[in-house]
Amino acid sequence: MKKFKYIKPKTIEEALGYLDENADEKKVIAGGTDLMVKLKNNKIDPDLIIDVSEIESLKGIYRKDGFIVIGAATTLTEIAESPLLKEYCPILPQAAASVGAAQIRNRGTIGGNVANASPSADTVPALVALGAEATLMSREQERKIALEEMYVGPGKTLIRPNELLTSLSFPEPKGSWGGVFFKLGKRKAQAISIVNGAVRITVDDSRNRLKDVHIAFGAVAPTVLRIREAEGSLMDREISCENIKKAAEIVKNKISPITDVRATAEYRREVSGNLFIQAMCDSLGQLGISISVQC
Ligand SMILES: Cc1cc2nc3c(=O)[nH]c(=O)nc-3n(C[C@H](O)[C@H](O)[C@H](O)COP(=O)(O)OP(=O)(O)OC[C@H]3O[C@@H](n4cnc5c(N)ncnc54)[C@H](O)[C@@H]3O)c2cc1C
């Protein structure tokens with residue numbers, strides 16, 4: 001490993017200044033649970049590492065102007081334990097609680113999970129199902145980008161080299177909604193997802209129709225996917241076994257899983273349909289609507 005410069009700014013402005021510097025290769029580090037592994041395995045060779053873990057304004061979970069905002073350097077443990085998130089959007093604490101083990105969650109941050117851009121990152125499907133946006137800051141500007149549009153491939157995002165991911169935000173969920181985060185791994189802890197995903201639904205006043213449906217899947221395509229075609233097949237339609245099964249078939253057709261050490265593509269495709277059906281039944285169950293769909 002070659003020598004690199006390491007700095008620990010205390011403010012966002014200071015960090016942005018370093019990101020603008022002319023070093024050949026710069027890397028932001030937060031918890032280091034992904035980055036240190038890459039560094040040790042010589043997958044990256046930075047000249048400058050900018051540690052953002054002590055920037056207080058990058059931390060915290062709060063409500064602002066109808067949105068829930070989470071600072072990028074907020075740890076996964078803080079997210080898993082947040083009373084605000086548990087009340088308004090339990091799928092996100094559930095996703096954070098499923099990452100690694102306690103040591104990883106204590107160090108790992110939501111910004112790191114999102115910016116690392118692993119197709120199997122556990123918080124990303126939950127955030128996509130919540131309609132989250134990423135706030136990206138450079139010295140020149142601040143911009144927002146929908147998370148579902150930020151990924152261009154495994155490990156690849158539209159975050160520019162001079163930009164810092166400062167926060168993630170999503171509209172405060174209104175009315176009564178149901179939702180589930182699901183993760184299939186080889187073990188209960190320290191397991192990278194074979195398939196993960198999240199479903200979030202609202203029903204209309206008659207409680208016979210779905211008003212809004214968000215469906216996101218991870219580990220079954222080069223990036224986390226929002227499956228709008230399956231959403232469209234359910235929205236404004238009667239809640240029925242038949243319609244949920246049809247949507248599950250769309251999910252299976254829209255994903256493009258691979259075979260790897262964890263599972264075959266065929267298994268991932270089949271199990272995705274079943275996980276989706278279960279997630280829909282559980283989400284409806286949370287709203288007091290009982291439906292049983294045989295897989
Ligand atoms: C044993 C083990 C088990 C794991 N299990 C899981 C698991 O079950 N599920 C899962 O999803 N992940 C898992 N991970 C991966 C990892 O822990 C998470 O992705 C974690 O959230 C990364 O956060 P971090 O703060 O440590 O990121 P870092 O390692 O500090 O950074 C990760 C990447 O994000 C970039 N980055 C970080 N913060 C910012 C920012 N503010 N702005 C711009 N770029 C930024 C870094 O440059 C780097 O490219 C595991 C890792 C290990 C080692």
# chains A, B, ... in the order shown; residues from 1 in each chain; ligands from 1
call {"tool": "residues_around", "arguments": {"residues": "Val251 of chain A", "least_positions_apart": "5", "cutoff": "8 Å", "atoms": "only C-alpha atoms", "output": "list in words"}}
result
Ile227, Ala230, Ser272 and Gly273 of chain A
call {"tool": "residues_near_ligand", "arguments": {"ligand": "ligand 1", "cutoff": "7 Å", "atoms": "only C-alpha atoms and all ligand atoms", "output": "PyMOL selection string"}}
result
chain A and resi 27-37+52+72-73+76+98-101+104-105+107-116+120-123+163-166+190-193
call {"tool": "residues_around", "arguments": {"residues": "Asp51 of chain A", "least_positions_apart": "2", "cutoff": "8 Å", "atoms": "only C-alpha atoms", "output": "short mmCIF file (atom, residue, chain, number, x, y, z; two decimals) with N, CA and C atoms, in the first residue's frame"}}
result
data_model
loop_
_atom_site.label_atom_id
_atom_site.label_comp_id
_atom_site.auth_asym_id
_atom_site.auth_seq_id
_atom_site.Cartn_x
_atom_site.Cartn_y
_atom_site.Cartn_z
N TYR A 6 -3.79 11.84 5.13
CA TYR A 6 -5.06 11.60 5.83
C TYR A 6 -5.45 12.87 6.59
N ILE A 7 -6.65 13.36 6.34
CA ILE A 7 -7.07 14.56 7.08
C ILE A 7 -8.48 14.34 7.65
N LYS A 8 -8.75 15.06 8.75
CA LYS A 8 -10.03 14.89 9.45
C LYS A 8 -10.66 16.25 9.66
N PRO A 9 -11.36 16.77 8.63
CA PRO A 9 -11.96 18.10 8.77
C PRO A 9 -13.07 18.11 9.82
N VAL A 28 -13.32 9.82 0.28
CA VAL A 28 -13.98 10.18 1.55
C VAL A 28 -14.07 8.90 2.37
N ILE A 29 -13.83 8.99 3.66
CA ILE A 29 -14.07 7.85 4.54
C ILE A 29 -15.00 8.31 5.65
N ALA A 30 -15.98 7.44 6.01
CA ALA A 30 -16.88 7.76 7.13
C ALA A 30 -16.61 6.72 8.23
N ILE A 49 -7.01 10.85 1.87
CA ILE A 49 -8.25 10.32 2.49
C ILE A 49 -8.83 11.40 3.39
N SER A 53 -15.99 11.64 9.63
CA SER A 53 -16.72 11.07 10.77
C SER A 53 -16.85 12.03 11.95
N GLU A 54 -16.08 13.14 11.97
CA GLU A 54 -16.22 14.09 13.09
C GLU A 54 -16.89 15.39 12.68
#
call {"tool": "atom_distance", "arguments": {"atom1": "atom CA of Val293 of chain A", "atom2": "atom CA of Gly197 of chain A"}}
result
18.8 Å
call {"tool": "residues_around", "arguments": {"residues": "Ile79 of chain A", "least_positions_apart": "5", "cutoff": "8 Å", "atoms": "only C-alpha atoms", "output": "PDB file with all heavy atoms, in the first residue's frame"}}
result
ATOM      1  N   ILE A  61     -30.891  12.943  12.834  1.00  0.00           N
ATOM      2  CA  ILE A  61     -32.143  12.548  12.173  1.00  0.00           C
ATOM      3  C   ILE A  61     -33.198  13.542  12.650  1.00  0.00           C
ATOM      4  O   ILE A  61     -33.404  13.677  13.861  1.00  0.00           O
ATOM      5  CB  ILE A  61     -32.550  11.121  12.614  1.00  0.00           C
ATOM      6  CG1 ILE A  61     -31.416  10.109  12.308  1.00  0.00           C
ATOM      7  CG2 ILE A  61     -33.861  10.692  11.971  1.00  0.00           C
ATOM      8  CD1 ILE A  61     -31.534   8.792  13.062  1.00  0.00           C
ATOM      9  N   THR A  74     -24.564   9.716   9.890  1.00  0.00           N
ATOM     10  CA  THR A  74     -25.339   9.073  10.969  1.00  0.00           C
ATOM     11  C   THR A  74     -25.077   7.569  10.909  1.00  0.00           C
ATOM     12  O   THR A  74     -25.108   6.972   9.828  1.00  0.00           O
ATOM     13  CB  THR A  74     -26.848   9.356  10.769  1.00  0.00           C
ATOM     14  OG1 THR A  74     -27.026  10.773  10.656  1.00  0.00           O
ATOM     15  CG2 THR A  74     -27.676   8.823  11.917  1.00  0.00           C
ATOM     16  N   LEU A  85     -37.697   7.473  13.405  1.00  0.00           N
ATOM     17  CA  LEU A  85     -37.780   6.602  12.222  1.00  0.00           C
ATOM     18  C   LEU A  85     -38.660   5.388  12.502  1.00  0.00           C
ATOM     19  O   LEU A  85     -39.423   4.968  11.631  1.00  0.00           O
ATOM     20  CB  LEU A  85     -36.387   6.160  11.773  1.00  0.00           C
ATOM     21  CG  LEU A  85     -35.453   7.283  11.295  1.00  0.00           C
ATOM     22  CD1 LEU A  85     -34.101   6.721  10.884  1.00  0.00           C
ATOM     23  CD2 LEU A  85     -36.062   8.062  10.133  1.00  0.00           C
ATOM     24  N   LEU A  92     -36.970   1.576   7.357  1.00  0.00           N
ATOM     25  CA  LEU A  92     -35.560   2.006   7.315  1.00  0.00           C
ATOM     26  C   LEU A  92     -34.778   1.506   8.537  1.00  0.00           C
ATOM     27  O   LEU A  92     -33.698   0.919   8.374  1.00  0.00           O
ATOM     28  CB  LEU A  92     -35.464   3.525   7.139  1.00  0.00           C
ATOM     29  CG  LEU A  92     -34.046   4.055   6.943  1.00  0.00           C
ATOM     30  CD1 LEU A  92     -33.350   3.373   5.761  1.00  0.00           C
ATOM     31  CD2 LEU A  92     -34.043   5.553   6.762  1.00  0.00           C
ATOM     32  N   PRO A  93     -35.295   1.696   9.785  1.00  0.00           N
ATOM     33  CA  PRO A  93     -34.600   1.070  10.912  1.00  0.00           C
ATOM     34  C   PRO A  93     -34.471  -0.447  10.775  1.00  0.00           C
ATOM     35  O   PRO A  93     -33.457  -1.017  11.148  1.00  0.00           O
ATOM     36  CB  PRO A  93     -35.463   1.427  12.130  1.00  0.00           C
ATOM     37  CG  PRO A  93     -36.411   2.460  11.701  1.00  0.00           C
ATOM     38  CD  PRO A  93     -36.394   2.578  10.217  1.00  0.00           C
ATOM     39  N   ALA A  96     -31.549  -0.978   8.457  1.00  0.00           N
ATOM     40  CA  ALA A  96     -30.268  -0.650   9.113  1.00  0.00           C
ATOM     41  C   ALA A  96     -29.894  -1.738  10.120  1.00  0.00           C
ATOM     42  O   ALA A  96     -28.725  -2.122  10.233  1.00  0.00           O
ATOM     43  CB  ALA A  96     -30.374   0.713   9.803  1.00  0.00           C
TER      44      ALA A  96
END
call {"tool": "atom_distance", "arguments": {"atom1": "atom CA of Phe182 of chain A", "atom2": "atom CA of Gly285 of chain A"}}
result
15.3 Å
call {"tool": "select_by_dssp", "arguments": {"residues": "segment 32-279 of chain A", "states": "helix (DSSP H, G or I)", "output": "PyMOL selection string"}}
result
chain A and resi 35-40+56-58+76-81+83-88+91-97+102-107+110-116+123-129+147-150+228-234+241-254+265-279
call {"tool": "residues_around", "arguments": {"residues": "Ser283 of chain A", "least_positions_apart": "3", "cutoff": "6 Å", "atoms": "only C-alpha atoms", "output": "PyMOL selection string"}}
result
chain A and resi 178-179+279-280+286
call {"tool": "atom_distance", "arguments": {"atom1": "atom CA of Lys254 of chain A", "atom2": "atom CA of Ala146 of chain A"}}
result
20.2 Å
call {"tool": "residues_around", "arguments": {"residues": "Pro257 of chain A", "least_positions_apart": "4", "cutoff": "7 Å", "atoms": "only C-alpha atoms", "output": "list of chain:residue names"}}
result
A:Val220, A:Ala221, A:Ala265, A:Arg268, A:Arg269
call {"tool": "write_last_selection", "arguments": {"atoms": "N, CA, C and O atoms", "output": "PDB file, in the first residue's frame"}}
result
ATOM      1  N   VAL A 220     -30.425  -8.083  -7.149  1.00  0.00           N
ATOM      2  CA  VAL A 220     -30.966  -8.855  -8.279  1.00  0.00           C
ATOM      3  C   VAL A 220     -30.771  -8.117  -9.613  1.00  0.00           C
ATOM      4  O   VAL A 220     -31.416  -8.453 -10.605  1.00  0.00           O
ATOM      5  N   ALA A 221     -29.899  -7.123  -9.616  1.00  0.00           N
ATOM      6  CA  ALA A 221     -29.609  -6.327 -10.820  1.00  0.00           C
ATOM      7  C   ALA A 221     -28.321  -5.549 -10.518  1.00  0.00           C
ATOM      8  O   ALA A 221     -27.885  -5.507  -9.367  1.00  0.00           O
ATOM      9  N   ALA A 265     -28.879 -17.521 -10.273  1.00  0.00           N
ATOM     10  CA  ALA A 265     -29.809 -16.520 -10.821  1.00  0.00           C
ATOM     11  C   ALA A 265     -31.242 -17.047 -10.746  1.00  0.00           C
ATOM     12  O   ALA A 265     -32.173 -16.311 -10.393  1.00  0.00           O
ATOM     13  N   ARG A 268     -32.584 -16.775  -7.251  1.00  0.00           N
ATOM     14  CA  ARG A 268     -32.876 -15.371  -6.896  1.00  0.00           C
ATOM     15  C   ARG A 268     -34.181 -14.910  -7.540  1.00  0.00           C
ATOM     16  O   ARG A 268     -34.987 -14.212  -6.925  1.00  0.00           O
ATOM     17  N   ARG A 269     -34.389 -15.303  -8.824  1.00  0.00           N
ATOM     18  CA  ARG A 269     -35.599 -14.852  -9.521  1.00  0.00           C
ATOM     19  C   ARG A 269     -36.846 -15.436  -8.850  1.00  0.00           C
ATOM     20  O   ARG A 269     -37.807 -14.728  -8.566  1.00  0.00           O
TER      21      ARG A 269
END
call {"tool": "closest_residue", "arguments": {"among": "A:Ala189, A:Ala263, A:Ile215, A:Ile159", "to": "Ala248 of chain A", "atoms": "only C-alpha atoms"}}
result
A:Ile215
call {"tool": "closest_residue", "arguments": {"among": "A:Glu172, A:Asp260, A:Glu78, A:Glu149", "to": "Arg63 of chain A", "atoms": "only C-alpha atoms"}}
result
A:Glu172
call {"tool": "residues_around", "arguments": {"residues": "Cys89 of chain A", "least_positions_apart": "5", "cutoff": "10 Å", "atoms": "only C-alpha atoms", "output": "list in words"}}
result
Ile68, Pro83, Leu84, Gln94, Ala126, Leu127, Leu130, Glu172, Pro173, Trp177, Gly178, Gly179, Val180 and Arg200 of chain A
call {"tool": "write_last_selection", "arguments": {"atoms": "all heavy atoms", "output": "CSV table (one decimal), in the first residue's frame"}}
result
chain,number,residue,atom,x,y,z
A,68,ILE,N,-38.3,14.0,6.3
A,68,ILE,CA,-37.4,13.5,7.3
A,68,ILE,C,-36.0,13.5,6.7
A,68,ILE,O,-35.8,13.1,5.5
A,68,ILE,CB,-37.8,12.1,7.7
A,68,ILE,CG1,-39.2,12.2,8.4
A,68,ILE,CG2,-36.8,11.4,8.5
A,68,ILE,CD1,-39.8,10.9,9.0
A,83,PRO,N,-36.2,6.6,17.5
A,83,PRO,CA,-37.7,6.5,17.8
A,83,PRO,C,-38.5,7.2,16.7
A,83,PRO,O,-39.5,6.8,16.3
A,83,PRO,CB,-37.8,7.3,19.1
A,83,PRO,CG,-36.5,7.3,19.7
A,83,PRO,CD,-35.5,7.2,18.6
A,84,LEU,N,-37.9,8.3,16.1
A,84,LEU,CA,-38.6,9.1,15.0
A,84,LEU,C,-38.8,8.1,13.8
A,84,LEU,O,-39.9,8.0,13.2
A,84,LEU,CB,-37.8,10.3,14.6
A,84,LEU,CG,-38.3,11.1,13.5
A,84,LEU,CD1,-39.6,11.9,13.9
A,84,LEU,CD2,-37.3,12.1,12.9
A,94,GLN,N,-35.5,-1.1,10.2
A,94,GLN,CA,-35.4,-2.5,10.0
A,94,GLN,C,-34.2,-2.9,9.1
A,94,GLN,O,-33.4,-3.8,9.3
A,94,GLN,CB,-36.7,-3.1,9.4
A,94,GLN,CG,-37.9,-3.2,10.3
A,94,GLN,CD,-39.2,-3.3,9.6
A,94,GLN,OE1,-39.3,-3.6,8.4
A,94,GLN,NE2,-40.3,-3.1,10.3
A,126,ALA,N,-34.9,0.3,1.0
A,126,ALA,CA,-35.8,0.9,2.0
A,126,ALA,C,-35.9,2.4,1.6
A,126,ALA,O,-37.0,3.0,1.6
A,126,ALA,CB,-35.4,0.7,3.4
A,127,LEU,N,-34.7,3.0,1.4
A,127,LEU,CA,-34.7,4.5,1.1
A,127,LEU,C,-35.4,4.7,-0.3
A,127,LEU,O,-36.2,5.7,-0.4
A,127,LEU,CB,-33.3,5.0,1.0
A,127,LEU,CG,-32.6,5.2,2.3
A,127,LEU,CD1,-31.1,5.3,2.1
A,127,LEU,CD2,-33.1,6.4,3.1
A,130,LEU,N,-39.0,4.7,0.1
A,130,LEU,CA,-39.5,5.9,0.8
A,130,LEU,C,-39.5,7.1,-0.1
A,130,LEU,O,-39.8,8.2,0.3
A,130,LEU,CB,-38.7,6.1,2.1
A,130,LEU,CG,-39.0,5.1,3.2
A,130,LEU,CD1,-37.9,5.1,4.2
A,130,LEU,CD2,-40.3,5.4,3.8
A,172,GLU,N,-42.2,13.0,4.7
A,172,GLU,CA,-42.8,12.4,5.9
A,172,GLU,C,-44.0,11.6,5.4
A,172,GLU,O,-44.9,12.1,4.8
A,172,GLU,CB,-43.4,13.5,6.8
A,172,GLU,CG,-42.4,13.9,7.9
A,172,GLU,CD,-43.0,14.9,8.8
A,172,GLU,OE1,-44.2,14.8,9.2
A,172,GLU,OE2,-42.3,15.9,9.2
A,173,PRO,N,-44.0,10.2,5.6
A,173,PRO,CA,-45.1,9.5,5.2
A,173,PRO,C,-46.4,9.9,5.9
A,173,PRO,O,-46.4,10.2,7.1
A,173,PRO,CB,-44.7,8.0,5.6
A,173,PRO,CG,-43.3,8.1,5.8
A,173,PRO,CD,-42.9,9.4,6.2
A,177,TRP,N,-50.1,3.8,6.3
A,177,TRP,CA,-49.5,3.0,5.2
A,177,TRP,C,-48.8,1.8,5.9
A,177,TRP,O,-48.5,1.7,7.1
A,177,TRP,CB,-48.4,3.8,4.4
A,177,TRP,CG,-47.3,4.4,5.2
A,177,TRP,CD1,-47.3,5.5,5.9
A,177,TRP,CD2,-46.0,3.8,5.4
A,177,TRP,NE1,-46.1,5.8,6.5
A,177,TRP,CE2,-45.2,4.7,6.2
A,177,TRP,CE3,-45.3,2.7,4.9
A,177,TRP,CZ2,-43.9,4.5,6.5
A,177,TRP,CZ3,-44.0,2.5,5.2
A,177,TRP,CH2,-43.3,3.4,6.0
A,178,GLY,N,-48.7,0.8,5.0
A,178,GLY,CA,-48.0,-0.5,5.5
A,178,GLY,C,-46.7,-0.6,4.7
A,178,GLY,O,-46.6,-0.1,3.6
A,179,GLY,N,-45.8,-1.3,5.3
A,179,GLY,CA,-44.5,-1.5,4.6
A,179,GLY,C,-43.6,-2.5,5.3
A,179,GLY,O,-43.8,-2.8,6.5
A,180,VAL,N,-42.8,-3.1,4.5
A,180,VAL,CA,-41.9,-4.2,5.0
A,180,VAL,C,-40.6,-4.1,4.3
A,180,VAL,O,-40.5,-3.8,3.1
A,180,VAL,CB,-42.6,-5.6,4.6
A,180,VAL,CG1,-41.6,-6.7,4.9
A,180,VAL,CG2,-43.9,-5.8,5.3
A,200,ARG,N,-43.8,-0.6,0.1
A,200,ARG,CA,-44.6,0.4,0.9
A,200,ARG,C,-45.9,0.7,0.2
A,200,ARG,O,-45.9,1.0,-1.0
A,200,ARG,CB,-43.8,1.7,1.0
A,200,ARG,CG,-44.3,2.7,1.9
A,200,ARG,CD,-43.3,3.8,2.1
A,200,ARG,NE,-43.2,4.7,1.0
A,200,ARG,CZ,-43.8,5.9,0.9
A,200,ARG,NH1,-44.5,6.3,1.9
A,200,ARG,NH2,-43.7,6.7,-0.2
call {"tool": "closest_residue", "arguments": {"among": "A:Met1, A:Leu39, A:Ile277, A:Ile194", "to": "Asn243 of chain A", "atoms": "only C-alpha atoms"}}
result
A:Ile277
